[in-house]
Amino acid sequence: MQDFAAIDFETANGRRSSVCAVGIVVVRGGKIVDKSYNLIKPSPNYYTYWTTEVHGLTREDTDGQPQFPDVWAQIAPRIQGLPLVAHNRSFDESCLKAVFNEFGMEYPDYEFHCTLAASRRNMDLPCHQLHVVAAACGYDLENHHHALADAEACAAIALKIL
């Protein structure tokens with residue numbers, strides 16, 4: 001796979017619609033051609049202790065940020081026609097579907113691929129967490145659970161094994 005968009009979401013709480021950050025890495029012809037990171041005012045707009053412990057984001061970080069429809073209006077044209085790739089597709093795809101539903105947006109039925117599943121099929125590793133698989137693919141993930149860093153790691157994995 002040489003053309004795709006790697007995507008990663010962070011959520012504010014246990015609701016999948018509560019996306020508070022998104023990282024996108026666009027790959028064309030096997031090369032990264034575009035990257036974006038956006039903070040998003042989540043819906044519902046509250047943070048749990050545990051989610052903040054994972055990614056470090058709080059309500060103070062996102063209260064002044066745009067809501068998802070405004071952010072996605074900027075992202076959608078940049079990824080149009082590309083398959084999406086995520087490490088643990090079930091999480092990121094369910095977040096995307098949930099937030100589309102939350103805002104009454106028509107979901108465009110994106111094609112999704114999973115680097116977690118691919119790494120389990122193709123790599124003999126003690127575990128298949130993002131940072132472990134990324135390291136095995138030669139990518140040093142220094143800022144795990146930052147949406148853009150995770151999307152970059154996912155792109156590096158996809159370029160190696162998909």
# chains A, B, ... in the order shown; residues from 1 in each chain; ligands from 1
>>> closest_atom_pairs(of="region 108-147 of chain A", to="region 92-102 of chain A", cutoff="9 Å", atoms="only C-alpha atoms", output="tab-separated table")
residue	atom	partner	partner_atom	distance
A:Asp109	CA	A:Lys97	CA	8.9
A:Tyr110	CA	A:Glu93	CA	8.7
A:Phe112	CA	A:Glu93	CA	7.4
>>> residues_around(residues="Leu130 (chain A)", least_positions_apart="5", cutoff="12 Å", atoms="only C-alpha atoms", output="ChimeraX atom specification")
/A:8,86-89,114-120,125,135-137,139-145,149-158
>>> residues_around(residues="Phe103 (chain A)", least_positions_apart="3", cutoff="12 Å", atoms="only C-alpha atoms", output="PyMOL selection string")
chain A and resi 17-18+42-44+67-70+72+96-100+106-107
>>> write_last_selection(atoms="N, CA and C atoms", output="PDB file, in the first residue's frame")
ATOM      1  N   SER A  17     -17.511   9.123  20.960  1.00  0.00           N
ATOM      2  CA  SER A  17     -17.755  10.399  20.274  1.00  0.00           C
ATOM      3  C   SER A  17     -16.943  11.546  20.867  1.00  0.00           C
ATOM      4  N   SER A  18     -16.269  11.305  21.981  1.00  0.00           N
ATOM      5  CA  SER A  18     -15.583  12.394  22.689  1.00  0.00           C
ATOM      6  C   SER A  18     -14.176  12.649  22.160  1.00  0.00           C
ATOM      7  N   PRO A  42     -14.424  18.250  22.668  1.00  0.00           N
ATOM      8  CA  PRO A  42     -15.128  16.958  22.609  1.00  0.00           C
ATOM      9  C   PRO A  42     -16.622  17.068  22.898  1.00  0.00           C
ATOM     10  N   SER A  43     -17.323  16.033  22.479  1.00  0.00           N
ATOM     11  CA  SER A  43     -18.749  15.919  22.768  1.00  0.00           C
ATOM     12  C   SER A  43     -19.024  14.482  23.203  1.00  0.00           C
ATOM     13  N   PRO A  44     -19.394  14.284  24.460  1.00  0.00           N
ATOM     14  CA  PRO A  44     -19.644  15.277  25.507  1.00  0.00           C
ATOM     15  C   PRO A  44     -18.339  15.878  26.021  1.00  0.00           C
ATOM     16  N   GLN A  67     -15.306  22.377  17.204  1.00  0.00           N
ATOM     17  CA  GLN A  67     -15.919  21.067  17.331  1.00  0.00           C
ATOM     18  C   GLN A  67     -15.585  20.237  16.089  1.00  0.00           C
ATOM     19  N   PHE A  68     -15.885  18.959  16.177  1.00  0.00           N
ATOM     20  CA  PHE A  68     -15.502  18.005  15.147  1.00  0.00           C
ATOM     21  C   PHE A  68     -15.919  18.397  13.727  1.00  0.00           C
ATOM     22  N   PRO A  69     -17.165  18.811  13.475  1.00  0.00           N
ATOM     23  CA  PRO A  69     -17.535  19.097  12.083  1.00  0.00           C
ATOM     24  C   PRO A  69     -16.629  20.136  11.420  1.00  0.00           C
ATOM     25  N   ASP A  70     -16.202  21.139  12.173  1.00  0.00           N
ATOM     26  CA  ASP A  70     -15.324  22.164  11.601  1.00  0.00           C
ATOM     27  C   ASP A  70     -13.936  21.609  11.312  1.00  0.00           C
ATOM     28  N   TRP A  72     -13.224  18.361  10.759  1.00  0.00           N
ATOM     29  CA  TRP A  72     -13.314  17.377   9.682  1.00  0.00           C
ATOM     30  C   TRP A  72     -13.491  18.037   8.322  1.00  0.00           C
ATOM     31  N   LEU A  96     -14.594   7.475  14.832  1.00  0.00           N
ATOM     32  CA  LEU A  96     -15.008   8.265  13.677  1.00  0.00           C
ATOM     33  C   LEU A  96     -16.506   8.110  13.416  1.00  0.00           C
ATOM     34  N   LYS A  97     -17.002   6.896  13.461  1.00  0.00           N
ATOM     35  CA  LYS A  97     -18.433   6.669  13.256  1.00  0.00           C
ATOM     36  C   LYS A  97     -19.261   7.309  14.358  1.00  0.00           C
ATOM     37  N   ALA A  98     -18.802   7.209  15.603  1.00  0.00           N
ATOM     38  CA  ALA A  98     -19.552   7.760  16.738  1.00  0.00           C
ATOM     39  C   ALA A  98     -19.631   9.284  16.666  1.00  0.00           C
ATOM     40  N   VAL A  99     -18.533   9.928  16.300  1.00  0.00           N
ATOM     41  CA  VAL A  99     -18.552  11.392  16.262  1.00  0.00           C
ATOM     42  C   VAL A  99     -19.345  11.889  15.054  1.00  0.00           C
ATOM     43  N   PHE A 100     -19.318  11.160  13.946  1.00  0.00           N
ATOM     44  CA  PHE A 100     -20.196  11.502  12.823  1.00  0.00           C
ATOM     45  C   PHE A 100     -21.654  11.418  13.276  1.00  0.00           C
ATOM     46  N   GLU A 106     -23.415  12.562   7.767  1.00  0.00           N
ATOM     47  CA  GLU A 106     -23.494  11.327   6.994  1.00  0.00           C
ATOM     48  C   GLU A 106     -22.105  10.709   6.884  1.00  0.00           C
ATOM     49  N   TYR A 107     -21.977   9.471   7.353  1.00  0.00           N
ATOM     50  CA  TYR A 107     -20.684   8.797   7.336  1.00  0.00           C
ATOM     51  C   TYR A 107     -20.378   8.297   5.933  1.00  0.00           C
TER      52      TYR A 107
END
>>> closest_residue(among="A:Ile40, A:Ile161, A:Ile7, A:Ala76", to="Gly138 (chain A)", atoms="only C-alpha atoms")
A:Ile161
>>> atom_distance(atom1="CA of Val54 (chain A)", atom2="CA of His113 (chain A)")
24.0 Å
>>> select_by_dssp(residues="region 27-156 of chain A", states="strand (DSSP E or B)", output="list in words")
Val27, Arg28, Lys31, Ile32, Val33, Asp34, Lys35, Ser36, Tyr37, Asn38, Leu39, Leu84, Val85, Ala86, Phe112, His113 and Cys114 of chain A
>>> write_last_selection(atoms="C-alpha atoms", output="PDB file, in the first residue's frame")
ATOM      1  CA  VAL A  27       1.057   9.044   2.269  1.00  0.00           C
ATOM      2  CA  ARG A  28       1.185   9.123  -1.521  1.00  0.00           C
ATOM      3  CA  LYS A  31       6.098   9.113   0.865  1.00  0.00           C
ATOM      4  CA  ILE A  32       4.587  11.279   3.579  1.00  0.00           C
ATOM      5  CA  VAL A  33       3.163  14.331   1.826  1.00  0.00           C
ATOM      6  CA  ASP A  34       0.964  15.891   4.511  1.00  0.00           C
ATOM      7  CA  LYS A  35       0.524  15.846   8.280  1.00  0.00           C
ATOM      8  CA  SER A  36      -1.985  17.510  10.542  1.00  0.00           C
ATOM      9  CA  TYR A  37      -2.786  17.632  14.227  1.00  0.00           C
ATOM     10  CA  ASN A  38      -5.954  19.161  15.595  1.00  0.00           C
ATOM     11  CA  LEU A  39      -7.325  19.598  19.062  1.00  0.00           C
ATOM     12  CA  LEU A  84      -7.562   4.988   6.216  1.00  0.00           C
ATOM     13  CA  VAL A  85      -5.075   3.066   8.321  1.00  0.00           C
ATOM     14  CA  ALA A  86      -5.075   2.830  12.115  1.00  0.00           C
ATOM     15  CA  PHE A 112     -10.141   1.082   6.897  1.00  0.00           C
ATOM     16  CA  HIS A 113      -7.043  -1.086   7.358  1.00  0.00           C
ATOM     17  CA  CYS A 114      -5.478  -2.180  10.625  1.00  0.00           C
TER      18      CYS A 114
END
>>> select_by_dssp(residues="chain A", states="helix (DSSP H, G or I)", output="PyMOL selection string")
chain A and resi 49-55+59-62+68-79+89-102+115-122+130-136+147-161
>>> atom_distance(atom1="CA of Val71 (chain A)", atom2="CA of His146 (chain A)")
17.1 Å
>>> atom_distance(atom1="CA of Asn45 (chain A)", atom2="CA of Ala21 (chain A)")
12.7 Å
>>> residues_around(residues="Asp61 (chain A)", least_positions_apart="3", cutoff="10 Å", atoms="only C-alpha atoms", output="number ranges by chain")
A: 20, 39-41, 56-58, 64-65
>>> write_last_selection(atoms="all heavy atoms", output="short mmCIF file (atom, residue, chain, number, x, y, z; two decimals), in the first residue's frame")
data_model
loop_
_atom_site.label_atom_id
_atom_site.label_comp_id
_atom_site.auth_asym_id
_atom_site.auth_seq_id
_atom_site.Cartn_x
_atom_site.Cartn_y
_atom_site.Cartn_z
N CYS A 20 -10.98 14.27 21.18
CA CYS A 20 -10.43 15.56 21.60
C CYS A 20 -9.16 15.91 20.84
O CYS A 20 -8.66 17.03 20.95
CB CYS A 20 -10.19 15.56 23.11
SG CYS A 20 -9.04 14.30 23.69
N LEU A 39 -6.57 19.77 17.83
CA LEU A 39 -7.32 19.60 19.06
C LEU A 39 -8.78 19.88 18.74
O LEU A 39 -9.09 20.70 17.87
CB LEU A 39 -6.82 20.56 20.14
CG LEU A 39 -5.43 20.29 20.66
CD1 LEU A 39 -4.99 21.40 21.62
CD2 LEU A 39 -5.36 18.93 21.35
N ILE A 40 -9.68 19.20 19.44
CA ILE A 40 -11.11 19.27 19.16
C ILE A 40 -11.85 19.43 20.49
O ILE A 40 -11.54 18.73 21.46
CB ILE A 40 -11.59 17.98 18.45
CG1 ILE A 40 -10.85 17.79 17.13
CG2 ILE A 40 -13.10 18.00 18.24
CD1 ILE A 40 -11.03 16.41 16.52
N LYS A 41 -12.84 20.29 20.52
CA LYS A 41 -13.71 20.38 21.69
C LYS A 41 -14.59 19.14 21.68
O LYS A 41 -15.39 18.94 20.77
CB LYS A 41 -14.56 21.65 21.64
CG LYS A 41 -15.41 21.85 22.87
CD LYS A 41 -16.16 23.17 22.79
CE LYS A 41 -16.96 23.40 24.05
NZ LYS A 41 -17.64 24.72 24.00
N GLY A 56 -2.66 13.21 28.48
CA GLY A 56 -2.26 14.49 29.07
C GLY A 56 -3.15 15.67 28.73
O GLY A 56 -2.91 16.78 29.20
N LEU A 57 -4.20 15.46 27.94
CA LEU A 57 -5.08 16.56 27.56
C LEU A 57 -6.16 16.78 28.62
O LEU A 57 -6.62 15.82 29.25
CB LEU A 57 -5.73 16.29 26.21
CG LEU A 57 -4.77 16.21 25.02
CD1 LEU A 57 -5.51 15.75 23.77
CD2 LEU A 57 -4.07 17.54 24.79
N THR A 58 -6.55 18.04 28.79
CA THR A 58 -7.60 18.40 29.73
C THR A 58 -8.60 19.33 29.04
O THR A 58 -8.34 19.81 27.93
CB THR A 58 -7.02 19.14 30.97
OG1 THR A 58 -6.50 20.40 30.53
CG2 THR A 58 -5.94 18.32 31.66
N GLY A 64 -11.46 25.98 23.98
CA GLY A 64 -11.46 27.02 22.95
C GLY A 64 -11.27 26.50 21.54
O GLY A 64 -11.15 27.28 20.59
N GLN A 65 -11.27 25.19 21.38
CA GLN A 65 -11.02 24.58 20.07
C GLN A 65 -12.33 24.35 19.30
O GLN A 65 -13.40 24.30 19.90
CB GLN A 65 -10.28 23.25 20.24
CG GLN A 65 -8.95 23.39 20.93
CD GLN A 65 -7.99 24.29 20.17
OE1 GLN A 65 -7.91 24.23 18.94
NE2 GLN A 65 -7.25 25.12 20.90
#
>>> residues_around(residues="Leu159 (chain A)", least_positions_apart="5", cutoff="8 Å", atoms="only C-alpha atoms", output="JSON list (two decimals) with all heavy atoms, in the first residue's frame")
[["chain", "number", "residue", "atom", "x", "y", "z"],
["A", 1, "MET", "N", 0.85, -1.18, 0.00],
["A", 1, "MET", "CA", 0.00, 0.00, 0.00],
["A", 1, "MET", "C", 0.90, 1.24, 0.00],
["A", 1, "MET", "O", 1.70, 1.43, 0.91],
["A", 1, "MET", "CB", -0.91, -0.03, 1.23],
["A", 1, "MET", "CG", -1.90, 1.10, 1.25],
["A", 1, "MET", "SD", -3.02, 1.08, 2.65],
["A", 1, "MET", "CE", -3.82, -0.47, 2.49],
["A", 2, "GLN", "N", 0.73, 2.05, -1.00],
["A", 2, "GLN", "CA", 1.58, 3.24, -1.16],
["A", 2, "GLN", "C", 0.82, 4.55, -1.00],
["A", 2, "GLN", "O", 1.44, 5.60, -0.86],
["A", 2, "GLN", "CB", 2.24, 3.20, -2.54],
["A", 2, "GLN", "CG", 3.16, 2.03, -2.75],
["A", 2, "GLN", "CD", 4.41, 2.11, -1.88],
["A", 2, "GLN", "OE1", 5.15, 3.07, -1.96],
["A", 2, "GLN", "NE2", 4.61, 1.12, -1.03],
["A", 30, "GLY", "N", 4.16, 6.19, -1.44],
["A", 30, "GLY", "CA", 5.07, 5.68, -0.42],
["A", 30, "GLY", "C", 5.81, 6.75, 0.36],
["A", 30, "GLY", "O", 6.69, 6.43, 1.15]]
